[in-house]
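One structure is given below, encoded as structure tokens.
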Amino acid sequence: MNSQPDNDHQQQSDNGCNHQIPNQNHKSEHGDRPGMQALPMPVPDPPIQYTKLFISNEWHESCSGRKIPVYNPATGELLCEVEEADAEDVEKAVRSARAAFQMGSPWRSMDASDRGHLLNRLADLVERDRLLLATLEALDSGKVFLMAYFVDLMATIKTLRYYGGWADKIHGKTIPVGDGQRYCHYFTYTRHEPIGVCGQIIPWNFPLMMFAWKIAPALCCGNTVVIKPAEQTPLSALHMAALIKEAGFPPGVVNVVPGYGQTAGCAISHHMDIDKVAFTGSTAVGKLIQKAAGDSNLKRVTLELGGKNPNIVFADCDLEYAVEQAHSGLFFNQGQCCLAGSRVFVEEPIYEEFVRRSVERARSKVLGNPLLPGVDQGPQIDQKQFNKIMELIESGKREGATLECGGSPWGQQGLFIQPTVFSNVTDDMRIAKEEIFGPVQQIMCFRSVHEVIQRANATHYGLAAGVFTNDIDKALTVSSALQAGMVWVNCYNAMSAQCPFGGFKMSGNGRELGEYALQEYTEVKAVTIKISQKNS
Amino acid sequence: VYSEGFVPADIFINNEWQDSVSGKVFPVYNPATGEQICEVQEAEKADVDKAVQAARLAFSLGSVWRRMDASERGRLLSKLADLVERDSVYLATIESLNSGKPFLPTLFVDLQGTIKTLRYFAGYADKIHGTSIPMDGEYLTFTRYEPIGVCGQIIPWNFPLMMTAWKLGPALACGNTVILKPAEQTPLTCLYIAALIKEAGFPPGVINILPGFGPTAGAAIASHMGIDKVAFTGSTEVGKLIQEAAGKSNLKRVTLELGGKNPNIIFADADLDLAVEQAHQGVFFNAGQCCTAGSRIYVEEPIYDEFVRRSVERAKRRRVGSPFDPTTEQGPQISREQQNRVLEFIQSGISEGAKLECGGKALGLKGFFIEPTVFSNVRDDMRIAREEIFGPVQQIMKFKTLEEVIERANNTDYGLVAAVFTNDINKAMTISTAMQAGTVWINCFNALSTQCPFGGYKMSGNGRELGESGLKEYSEVKTITMKMVAKNS
């Protein structure tokens with residue numbers, strides 16, 4: 001474990017990426033970040049305690065005996081091996097989740113406020129283990145440790161607490177009904193009941209945060225869960241499993257089955273006894289999930305998929321601020337965000353200046369071992385992603401975009417890619433159409449509001465969008481017109497547990513977070529009682 | 001079990017312990033013995049002025065409290081709940097000592113109610129949603145639920161801790177600042193909560209606790225020009241004064257939780273054992289000192305005699321004694337004054353011709369105890385059937401038809417709660433629809449929880465506490481409308 005790349009060596013920049021300490025340029029929006037002196041440090045040689053499948057609050061070996069190798073993407077080294085769940089293991093997990101969901105079970109007969117209290121206790125335990133979890137997350141995913149600590153862990157804790165508070169506030173309604181006949185009197189009320197066993201499949205880019213986004217609303221509403229972390233990043237999810245047991249959730253309420261999409265993921269989405277599947281990942285796989293649901297038991301489906309998100313910068317905006325927000329809006333998490341603002345539309349009068357400053361900003365990024373302070377870009381997650389990004393960069397060059405900086409791999413080991421900026425990008429280029437999921441920024445030029453709305457919406461995706469302007473009319477017009485689940489005005493990536501998150505069009509189905517997520521984890525039952533006489 | 005511990009006895013303003021401006025103190029008694037426990041600083045108008053200044057400052061734009069994330073407000077409430085949980089045995093002990101409540105019910109009912117209420121509203125802090133509204137014309141409209149401002153809160157002596165939580169929970173979740181006056185009889189647990197508030201980390205001035213009397217401190221709150229809202233729990237008589245004072249001063253928002261003379265309707269088809277026990281608990285709980293007390297029991301004719309017989313038997317078995325004896329079901333009344341008032345009601349019942357089935361007298365030499373008392377053959381025009389007794393006195397009446405009992409049950413100025421016991425779904429639905437009461441219980445009584453709204457029809461109050469409804473009483477809605485250039489759906 002003590003084989004992280006040497007600091008000095010890794011921080012040497014090549015190809016013009018200077019290696020100044022980036023200080024606060026890339027700071028998180030969270031107010032709790034202390035001064036540099038008090039920065040948290042990763043746990044040295046963190047123990048990897050949990051490598052098995054978590055079913056019924058117990059640790060299981062896989063039925064097949066197979067294991068998944070788990071790597072550190074910053075070095076390519078093997079961290080550990082984790083039990084690999086397959087269809088048979090999913091079957092066991094579903095049986096356990098089904099048993100936990102039986103009428104009269106401890107989970108079903110528990111007060112809603114106690115469900116909320118369990119989620120709060122889980123949040124307390126995550127807070128207790130925050131350093132360890134952030135370290136595991138950084139090791140396993142290549143995320144910058146401080147980002148993991150301040151963004152991912154904070155969001156995880158807050159999401160759990162937020163839904164802890166909802167558990168006993170999920171209100172049905174009473175409804176004044178009548179069928180127009182004089183002597184037919186009814187009284188109707190609705191109950192919002194849990195759906196049942198929920199399969200949840202999460203990606204590798206925010207392993208812990210996605211884990212919290214998925215389990216928190218599901219548990220808050222009283223469901224039971226079979227969750228599959230990505231094969232690349234199972235470690236934090238398995239640690240969460242241990243905390244779930246420690247918090248006191250009854251056996252079978254949450255089951256964690258690390259595995260591959262084609263096997264375990266496929267088994268979940270096709271399962272006849274899973275009542276709902278929630279997936280976060282690529283649009284290509286999202287389509288398979290929805291197909292599988294249709295093909296099997298019409299399970300409910302929510303999908304959070306890809307994005308090719310427009311970020312529209314008007315000439316009247318605060319330029320320095322917009323450059324910084326557009327930069328972090330794309331480069332955050334090595335560009336591995338469904339939210340990445342990968343189509344930056346800049347109004348003509350400021351286009352050249354915007355490009356110049358964006359390039360300068362991209363060059364200032366410090367690549368290196370994500371566990372070290374001062375580093376603000378880690379490696380891509382794996383070789384496959386690395387190759388895909390490099391291939392898209394090549395296509396950009398070939399199709400005639402101007403490569404302003406970057407464009408090549410970086411460093412002697414690990415899966416690093418230089419921060420890359422393209423200007424003179426046209427909307428028909430592949431880099432302007434496809435989700436790159438890497439540190440590659442495309443900057444386009446536009447002239448009118450009408451034009452930029454058209455171009456921003458000319459995509460199958462519809463996840464997020466940003467607009468930078470001080471003009472209230474432009475802000476309102478653009479935010480109304482964009483086909484996107486989130487529109488940020490003079491900010492980017494401004495997310496919180498309280499606000500709904502999800503996509504228009506092929507960026508997904510349904511919403512996570514906020515009150516809206518509760519709808520995705522409940523069935524509404526209308527109970528109608530014949531009564532002898534109705535009165536208002 | 002109680003030992004020497006910290007019992008604050010000062011006024012709590014700006015997170016600091018202060019002496020009263022006048023230098024006055026007042027004695028606090030143990031109602032089980034009549035002995036004085038301690039003296040407490042007595043807040044009057046000058047102290048209220050100081051507290052308003054502190055609360056107003058804490059509420060000013062840009063203050064720590066106003067800029068705080070809503071989720072962080074929730075965290076503070078949650079921490080307060082954790083601290084109350086940590087100290088719950090101690091708090092239950094002081095509550096018993098000061099109010100005469102039996103210790104075990106205090107620990108299980110009052111403390112649980114307090115903790116759960118704080119946690120519940122902690123969860124609401126970041127879930128108070130405005131709406132965006134599709135307004136006619138080229139406009140964009142949205143609403144914000146903003147805190148009202150400085151809230152005065154005046155609470156009674158029957159549930160000192162729980163009322164503190166009922167009041168603070170929603171006010172703080174919504175982001176208000178508070179001046180809370182506990183009853184002069186029972187300031188001790190409320191002051192202990194003040195210490196926990198400081199420990200939890202609430203900014204100075206957000207919560208101020210001022211022990212004092214109604215005619216002085218209470219009146220100063222109700223008529224203060226710098227207080228934006230007043231919430232009161234207590235008698236209907238004083239509730240009217242509060243609303244009047246609000247009208248005379250600055251039209252502050254008013255919520256009131258007042259008295260009740262609550263009907264409990266028992267049909268012949270009910271589970272008789274359950275109904276007798278629930279009706280018993282429904283009136284005798286907390287020595288009858290509950291605004292929700294089911295003090296008018298309407299029993300259907302076929303089971304009337306049997307119901308009376310069993311109710312008397314149950315009342316005779318009720319154990320009255322020291323609040324710290326674990327077998328005690330009923331402690332003393334809160335004060336000599338209340339004891340005398342209840343005894344006077346009992347005399348009026350006897351003289352107006354109701355049949356005294358059991359009890360009827362004071363009990364013991366020390367303390368303010370009254371025997372569990374049951375009256376049968378009570379008519380609706382008797383004082384004991386019309387006025388709130390607030391003591392361990394049960395009135396049992398007879399009825400013959402559904403229509404009749406609805407009419408009689410609603411024939412009161414009060415409208416707090418009502419209950420019906422029947423296994424017939426139609427009777428249950430008809431009665432629950434017809435009752436003029438803020439809460440109706442079917443086959444249960446006193447089934448209160450922090451998730452459900454609570455409050456009265458008619459002269460039992462104004463507004464609702466608890467549940468989501470409780471939040472509305474602590475926020476102002478602001479509609480923000482922006483002119484747009486080109487509207488689209």
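As shown in the structure tokens, the chain order sets the letters A, B, ...; within each chain, residues go from 1, and ligands are also counted from 1 in the order they appear.
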Q) If you count only C-alpha atoms, which residues fall within 8 Å of region 42-51 of chain A, apart from same-chain ones fewer than 6 positions away, as a ChimeraX atom specification? A) /A:1-2,80-83,131-132,134-136,145,235,238-239,242,371
Q: Compile the residues of chain B that lie within 8 Å of chain A, evaluated using only C-alpha atoms, and express the compilation as a list in words.
A: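 Taking only C-alpha atoms into account, Ser71, Arg119, Tyr120, Ala122, Gly123, Tyr124, Asp126, Lys127, Ile425, Asn426, Met429, Thr430, Thr433, Ala434, Gln451, Glu468, Met484, Val485, Ala486, Lys487 and Asn488 of chain B sit within 8 Å of chain A.
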Q.
Give me the residues near Lys173 (chain A) as a list in words, where near means some atom within 10 Å (using only C-alpha atoms) and where sequence neighbours in that chain fewer than 4 positions away do not count.
A.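 The residues satisfying every condition are Thr188, Tyr189, Thr190, Arg191, His192 and Ala526 of chain A.
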Q: Would you please extract all strand (DSSP E or B) residues from region 48-267 of chain B, as assigned by DSSP on the backbone, and give them as a PyMOL selection string?
A: chain B and resi 132-133+139-147+150-154+177-181+207-209+212+229-233+253-257+263-266
(Q) To one decimal place in Å, what is the distance between CA of Thr292 (chain B) and CA of Gly260 (chain B)? (A)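 Between CA of Thr292 (chain B) and CA of Gly260 (chain B) the gap is 6.2 Å.
Using only C-alpha atoms, the nearest neighbour of Ala456 (chain A) within the list A:Thr156, A:Gln383, A:Ser408, A:Ser342 is A:Ser342.
CA of Ala401 (chain A) is positioned 5.0 Å from CA of Val425 (chain A).
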(Q) Need to verify the contact set: Pro379 (chain A), 6 Å, only C-alpha atoms, exclusion of same-chain residues closer than 6 positions in sequence. Can you return it as a list in words? (A)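 Once the adjacent positions are removed, what remains is Ala74, Gly142, Leu415 and Phe416 of chain A.
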Q: In Å, rounded to a single decimal, give me how far CA of Phe159 (chain B) is from CA of Ser449 (chain B).
A: 14.4 Å
Q | Selection near Leu298 (chain A), 9 Å with only C-alpha atoms, sequence-local residues under 6 positions removed, as a list in words | A | Met272, Asp275, Lys276, Gln290 and Ala292 of chain A
For C-alpha atoms, I'd like the residues from the last selection saved as a PDB file, in the first residue's frame.
```
ATOM      1  CA  MET A 272     -38.377 -10.965 -11.780  1.00  0.00           C
ATOM      2  CA  ASP A 275     -39.501  -4.163  -8.087  1.00  0.00           C
ATOM      3  CA  LYS A 276     -37.461  -1.199  -9.157  1.00  0.00           C
ATOM      4  CA  GLN A 290     -34.870  -0.029 -19.563  1.00  0.00           C
ATOM      5  CA  ALA A 292     -34.409  -5.430 -19.537  1.00  0.00           C
TER       6      ALA A 292
END
```
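Proximity to Thr412 (chain B) was assessed for B:Gly353, B:Asn262, B:Val230, B:Ser322 counting only C-alpha atoms; the smallest distance is recorded for B:Asn262.
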**Q.** Residue contacts of Ala264 (chain A) (8 Å, only C-alpha atoms) excluding same-chain residues fewer than 5 positions away, as a list in words
**A.** Ala85, Asp86, Ala87, Val90, Lys228, Val257, Pro258 and Gly259 of chain A
(Q) List as a list in words the protein and nucleic acid residues near Lys355 (chain B), meaning an atom at most 7 Å away when only C-alpha atoms are counted, but skip any in the same chain fewer than 5 places from it. (A)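 Selected residues are Ile350, Phe375, Ser376 and Asn377 of chain B.
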Q. With only C-alpha atoms as the atoms that count, which of A:Gln454, A:Asn369, A:Thr263, A:Asn255 lies nearest to Glu84 (chain A)?
A.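 So, comparing all the options, the nearest one is A:Thr263.
Nearest residue to Ala419 (chain B) among B:Ile396, B:Ile442, B:Ala55, B:Val276 is B:Ile442, counting only C-alpha atoms.
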